[in-house]
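Data first, discussion second: the structure below is written as structure tokens.
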Amino acid sequence: MADNPEAMPECDSESSGARSRKPASNTATEQSDPPEGSMFECNICLDTARDAVVSYCGHLFCWPCLHQWLETRPNRQMCPVCKAGISKDKVIPLYGRGDTKHEDPRERLPPRPPGQRSEPENSAGFSSFGLDGGFQMSFGIGAFPFGFFASSLNFGDMRPASPQPGTPQSEQEQFLSKVFLWVAILFILWLFLA
Amino acid sequence: MSNIAVQRIKREFKEVAKSEEGAKCEIRVELVNDSFTELRGEIAGPPDTPYEGGKYHLEIKVPETYPFNPPKVRFITKIWHPNISSVTGAICLDILKDQWAAAMTLRTVLLSIQALLSSAEPDDPQDAVVARQYKENYDVFLKTARFWCSCYAGAPKQASNGFEEKIKWLTDMGANEQVAIRTLSSSSWNIEKATEELFS
């Protein structure tokens with residue numbers, strides 16, 4: 001029955017979005033009363049979105065509304081408008097100006113996921129000297145491929161997390177590190193003997 | 001009822017009234033009580049279907065958890081359709097069950113039900129008797145649906161198919177008129193079969 005074209009909600013939301021564009025242009029004149037068919041209504045409570053988040057499929061919600069929707073159906077995490085797959089961490093918060101916080105902290109929901117923010121491209125070249133990107137220092141004895149004996153001091157440098165114990169990947173890595181340990185011991189012995 | 005539900009129903013109420021379909025009187029909603037928990041919907045039978053010209057009344061119950069859960073909708077007006085129970089008016093429509101999404105509104109629900117009237121799904125039936133007739137004897141299904149539409153939904157009377165005579169024959173024998181119509185419809189207007197079912 002889902003292939004009933006009229007029954008799908010997408011077409012409706014599209015058309016109402018198209019219709020709403022006109023009144024949104026004269027918001028300045030009717031600011032006290034939220035204009036009918038505003039573009040910035042939450043798709044769930046139909047009110048102006050507060051703690052606004054937008055899904056990757058582009059639909060706007062209040063964070064409390066979307067949170068409750070996703071809690072209501074834990075096994076079917078889908079966008080209430082277009083039924084795309086969504087999840088609590090895959091939404092983008094919208095931070096507007098004039099956001100006044102006057103809510104009871106006891107009633108707070110889990111906070112919105114933080115915005116994804118990347119540093120601007122650094123075209124200044126040498127002047128930055130890598131200090132803002134993290135500081136890294138290594139020292140130790142050992143020749144190039146046998147860095148395992150070297151200890152490192154790394155700050156602000158995310159290393160990939162070690163794999164879960166028990167998985168084939170962690171077994172492989174342990175095997176590799178043993179092999180390199182033996183190679184290094186043999187190499188040092190050879191240095192002493194030579 | 002929670003605040004968000006009331007707020008939303010109020011807005012949706014206006015939306016239906018202002019919509020294009022509302023202006024053409026294709027869909028309508030009205031309040032039953034002041035608490036916005038129960039509403040009365042009305043849809044026009046879509047053109048080029050046996051339901052054309054009929055007005056169908058729907059009972060809409062808004063749950064406490066609306067819009068996170070769908071409204072409960074059933075037909076009050078009797079209707080002969082594979083996906084709607086001819087006895088209780090229960091509707092088999094996915095968006096009123098597991099395919100509900102919080103962005104749907106009274107307007108989209110009413111339009112979806114109207115669309116269901118023009119495109120039945122006999123393979124996913126609510127009323128097995130109607131669905132079998134739809135698949136095996138489509139011509140009789142059309143005539144029966146049209147007869148029910150003029151009987152119960154106020155559509156103009158169609159050319160007589162001899163249905164009235166058969167109903168009168170059964171009511172003269174002491175059967176209730178509604179029961180007679182249902183039994184005759186279910187037995188594809190075979191009077192012997194209907195009589196046997198009613199009186200044996």
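By convention here, the chains of the structure tokens are called A, B, ... in the order presented, each chain's residues are numbered starting at 1, and ligands are numbered starting at 1 in the order presented.
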
Contacts between chain A and chain B, please, where a residue of chain B counts if it comes within 12 Å (with only C-alpha atoms); show its shortest atom pair and distance in Å to one decimal, rows by chain and ascending number, as a tab-separated table.
```
residue	atom	partner	partner_atom	distance
B:Ser2	CA	A:Cys45	CA	11.7
B:Asn3	CA	A:Cys45	CA	9.9
B:Ile4	CA	A:Cys45	CA	6.3
B:Ala5	CA	A:Cys45	CA	8.0
B:Val6	CA	A:Cys45	CA	9.9
B:Gln7	CA	A:Cys45	CA	7.6
B:Arg8	CA	A:Cys45	CA	6.0
B:Ile9	CA	A:Cys45	CA	9.7
B:Lys10	CA	A:Leu46	CA	10.4
B:Arg11	CA	A:Leu46	CA	7.6
B:Glu12	CA	A:Leu46	CA	8.9
B:Lys14	CA	A:Glu36	CA	10.4
B:Glu15	CA	A:Gly37	CA	9.7
B:Lys18	CA	A:Glu36	CA	11.2
B:Ser19	CA	A:Ser16	CA	9.9
B:Glu20	CA	A:Ser16	CA	11.3
B:Thr65	CA	A:Thr72	CA	9.4
B:Tyr66	CA	A:Cys45	CA	9.8
B:Pro67	CA	A:Ile44	CA	7.1
B:Phe68	CA	A:Trp69	CA	5.8
B:Asn69	CA	A:Thr72	CA	8.2
B:Pro70	CA	A:Thr72	CA	11.8
B:Asn83	CA	A:Met1	CA	9.9
B:Cys92	CA	A:Met1	CA	9.1
B:Leu93	CA	A:Met1	CA	7.0
B:Asp94	CA	A:Met1	CA	6.7
B:Ile95	CA	A:Ala7	CA	7.8
B:Leu96	CA	A:Ala7	CA	10.6
B:Lys97	CA	A:Ala2	CA	11.7
B:Asp98	CA	A:Arg76	CA	9.4
B:Gln99	CA	A:Ala2	CA	8.4
B:Trp100	CA	A:Pro80	CA	8.3
B:Ala101	CA	A:Pro80	CA	4.6
B:Ala102	CA	A:Pro80	CA	5.1
B:Ala103	CA	A:Pro80	CA	5.2
B:Met104	CA	A:Pro9	CA	6.4
B:Thr105	CA	A:Pro9	CA	9.0
B:Leu106	CA	A:Pro9	CA	11.5
B:Arg107	CA	A:Asp12	CA	9.3
B:Thr108	CA	A:Pro9	CA	6.8
B:Val109	CA	A:Ala7	CA	7.6
B:Leu110	CA	A:Ala7	CA	9.3
B:Leu111	CA	A:Glu6	CA	6.9
B:Ser112	CA	A:Ala7	CA	4.3
B:Ile113	CA	A:Ala7	CA	7.8
B:Gln114	CA	A:Glu6	CA	8.7
B:Ala115	CA	A:Glu6	CA	5.9
B:Leu116	CA	A:Asn4	CA	7.5
B:Leu117	CA	A:Asn4	CA	10.7
B:Ser118	CA	A:Asn4	CA	9.7
B:Ser119	CA	A:Asn4	CA	7.4
B:Ala120	CA	A:Met1	CA	8.4
B:Glu121	CA	A:Met1	CA	6.5
B:Pro122	CA	A:Met1	CA	9.9
B:Asp123	CA	A:Met1	CA	9.4
B:Asp124	CA	A:Met1	CA	7.9
B:Pro125	CA	A:Met1	CA	10.4
```

Saved selection, atoms kept: C-alpha atoms, as a tab-separated table (two decimals), in the first residue's frame:
```
chain	number	residue	atom	x	y	z
B	2	SER	CA	-0.11	16.93	26.19
B	3	ASN	CA	0.41	20.48	25.11
B	4	ILE	CA	2.19	19.69	21.85
B	5	ALA	CA	-0.74	17.52	20.70
B	6	VAL	CA	-3.33	20.24	21.30
B	7	GLN	CA	-1.14	22.89	19.67
B	8	ARG	CA	-0.64	20.73	16.64
B	9	ILE	CA	-4.28	19.74	16.23
B	10	LYS	CA	-5.27	23.42	16.36
B	11	ARG	CA	-2.79	24.23	13.61
B	12	GLU	CA	-3.78	21.23	11.51
B	14	LYS	CA	-6.65	25.54	10.25
B	15	GLU	CA	-4.47	23.87	7.64
B	18	LYS	CA	-7.32	26.68	4.33
B	19	SER	CA	-6.06	23.92	2.03
B	20	GLU	CA	-7.02	23.69	-1.60
B	65	THR	CA	1.18	10.85	22.36
B	66	TYR	CA	0.22	12.53	19.09
B	67	PRO	CA	2.10	13.32	16.80
B	68	PHE	CA	4.57	10.65	17.81
B	69	ASN	CA	1.87	8.03	17.33
B	70	PRO	CA	-0.78	8.03	14.60
B	83	ASN	CA	-9.25	-2.40	2.70
B	92	CYS	CA	-6.09	-1.08	6.72
B	93	LEU	CA	-3.62	1.63	5.78
B	94	ASP	CA	0.10	1.46	6.53
B	95	ILE	CA	0.50	5.12	7.48
B	96	LEU	CA	-2.09	4.66	10.23
B	97	LYS	CA	0.06	1.86	11.63
B	98	ASP	CA	3.79	1.26	11.34
B	99	GLN	CA	4.44	3.70	8.48
B	100	TRP	CA	3.24	6.70	10.44
B	101	ALA	CA	5.65	9.64	10.54
B	102	ALA	CA	5.40	12.62	12.85
B	103	ALA	CA	5.39	15.12	9.98
B	104	MET	CA	2.07	13.78	8.66
B	105	THR	CA	-1.00	15.83	9.46
B	106	LEU	CA	-4.78	15.49	9.45
B	107	ARG	CA	-4.72	16.81	5.92
B	108	THR	CA	-2.28	14.21	4.61
B	109	VAL	CA	-4.11	11.45	6.50
B	110	LEU	CA	-7.46	12.41	4.98
B	111	LEU	CA	-5.92	12.69	1.51
B	112	SER	CA	-4.26	9.29	1.95
B	113	ILE	CA	-7.57	7.71	2.88
B	114	GLN	CA	-9.19	9.38	-0.11
B	115	ALA	CA	-6.40	7.99	-2.30
B	116	LEU	CA	-7.01	4.55	-0.81
B	117	LEU	CA	-10.58	4.74	-2.11
B	118	SER	CA	-9.30	5.20	-5.66
B	119	SER	CA	-6.61	2.53	-5.45
B	120	ALA	CA	-7.62	-0.51	-3.44
B	121	GLU	CA	-5.09	-3.15	-2.42
B	122	PRO	CA	-7.05	-6.43	-2.53
B	123	ASP	CA	-3.90	-8.41	-1.69
B	124	ASP	CA	-3.67	-6.75	1.72
B	125	PRO	CA	-7.34	-6.82	2.69
```

*asked:* Quick check, in Å to one decimal: how far apart do atom CA of B:Gly54 and atom CA of B:Ser86 lie?
replied: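 Result for atom CA of B:Gly54 versus atom CA of B:Ser86: 15.7 Å, one decimal.
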
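Atom CA of A:Lys178 to atom CA of A:Trp190 spans 18.3 Å [interatomic distance, one decimal].
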
*asked:* Just to confirm, what's the straight-line distance from atom CA of B:Asn176 to atom CA of B:Ile76 in Å (one decimal)?
replied: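 It comes out at 19.4 Å.
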
*From the DSSP assignment of the backbone, select every residue of stretch 78-179 of chain B that is strand (DSSP E or B), and format the answer as a list of chain:residue names.*
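Strand (DSSP E or B) members of stretch 78-179 of chain B, listed: B:His81, B:Ile84, B:Ala90, B:Ile91.
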
*Would you list the contacts of B:Met173 as a list in words, taking every protein, DNA or RNA residue within 10 Å and counting only C-alpha atoms, but skipping same-chain residues closer than 4 positions in sequence?*
Ile167, Lys168, Trp169, Thr195 and Phe199 of chain B

_Residue with smallest distance to B:Ser185 - pool B:Glu42, B:Glu164, B:Asp172, B:Glu26, counting only C-alpha atoms_ = B:Glu164

_Nearby residues (only C-alpha atoms) at most 12 Å from B:Glu165, same-chain spacing under 5 positions excluded, as a list in words_ = Ser160, Leu170, Thr171, Asp172, Glu177, Ala180, Ile181, Leu184, Trp189 and Ile191 of chain B

*Neighbour list for stretch 149-152 of chain B as a ChimeraX atom specification, cut-off 7 Å, only C-alpha atoms, skip fewer than 3 positions in-chain*: /B:51,54,77-79,145-146,155-157

Pull N, CA, C and O atoms from the residues just selected and write them as a PDB file, in the first residue's frame.
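part-v5.pdb written:
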```pdb
ATOM      1  N   TYR B  51     -17.262   5.338  -5.588  1.00  0.00           N
ATOM      2  CA  TYR B  51     -17.577   6.153  -4.403  1.00  0.00           C
ATOM      3  C   TYR B  51     -17.872   7.605  -4.766  1.00  0.00           C
ATOM      4  O   TYR B  51     -18.115   8.427  -3.896  1.00  0.00           O
ATOM      5  N   GLY B  54     -20.345  10.428  -3.094  1.00  0.00           N
ATOM      6  CA  GLY B  54     -20.635  10.103  -1.695  1.00  0.00           C
ATOM      7  C   GLY B  54     -19.839  10.969  -0.745  1.00  0.00           C
ATOM      8  O   GLY B  54     -18.782  11.501  -1.093  1.00  0.00           O
ATOM      9  N   THR B  77     -19.368   6.089   8.148  1.00  0.00           N
ATOM     10  CA  THR B  77     -20.243   5.763   7.023  1.00  0.00           C
ATOM     11  C   THR B  77     -19.885   4.374   6.496  1.00  0.00           C
ATOM     12  O   THR B  77     -18.714   4.058   6.343  1.00  0.00           O
ATOM     13  N   LYS B  78     -20.894   3.567   6.251  1.00  0.00           N
ATOM     14  CA  LYS B  78     -20.629   2.218   5.735  1.00  0.00           C
ATOM     15  C   LYS B  78     -20.092   2.298   4.308  1.00  0.00           C
ATOM     16  O   LYS B  78     -20.538   3.128   3.512  1.00  0.00           O
ATOM     17  N   ILE B  79     -19.120   1.442   4.017  1.00  0.00           N
ATOM     18  CA  ILE B  79     -18.481   1.490   2.700  1.00  0.00           C
ATOM     19  C   ILE B  79     -18.068   0.082   2.293  1.00  0.00           C
ATOM     20  O   ILE B  79     -17.710  -0.739   3.143  1.00  0.00           O
ATOM     21  N   ALA B 145     -20.341  -1.656  -4.592  1.00  0.00           N
ATOM     22  CA  ALA B 145     -19.750  -0.471  -3.968  1.00  0.00           C
ATOM     23  C   ALA B 145     -20.580   0.769  -4.301  1.00  0.00           C
ATOM     24  O   ALA B 145     -20.807   1.628  -3.442  1.00  0.00           O
ATOM     25  N   ARG B 146     -21.046   0.844  -5.541  1.00  0.00           N
ATOM     26  CA  ARG B 146     -21.845   1.999  -5.951  1.00  0.00           C
ATOM     27  C   ARG B 146     -23.194   1.996  -5.211  1.00  0.00           C
ATOM     28  O   ARG B 146     -23.675   3.037  -4.772  1.00  0.00           O
ATOM     29  N   ALA B 155     -24.897   9.358  -2.240  1.00  0.00           N
ATOM     30  CA  ALA B 155     -24.707   9.601  -3.670  1.00  0.00           C
ATOM     31  C   ALA B 155     -26.040   9.407  -4.381  1.00  0.00           C
ATOM     32  O   ALA B 155     -26.910   8.676  -3.885  1.00  0.00           O
ATOM     33  N   PRO B 156     -26.232  10.081  -5.540  1.00  0.00           N
ATOM     34  CA  PRO B 156     -27.497   9.900  -6.261  1.00  0.00           C
ATOM     35  C   PRO B 156     -27.707   8.432  -6.665  1.00  0.00           C
ATOM     36  O   PRO B 156     -26.755   7.715  -6.933  1.00  0.00           O
ATOM     37  N   LYS B 157     -28.938   8.025  -6.666  1.00  0.00           N
ATOM     38  CA  LYS B 157     -29.279   6.636  -7.005  1.00  0.00           C
ATOM     39  C   LYS B 157     -28.885   6.324  -8.451  1.00  0.00           C
ATOM     40  O   LYS B 157     -29.052   7.126  -9.344  1.00  0.00           O
TER      41      LYS B 157
END
```
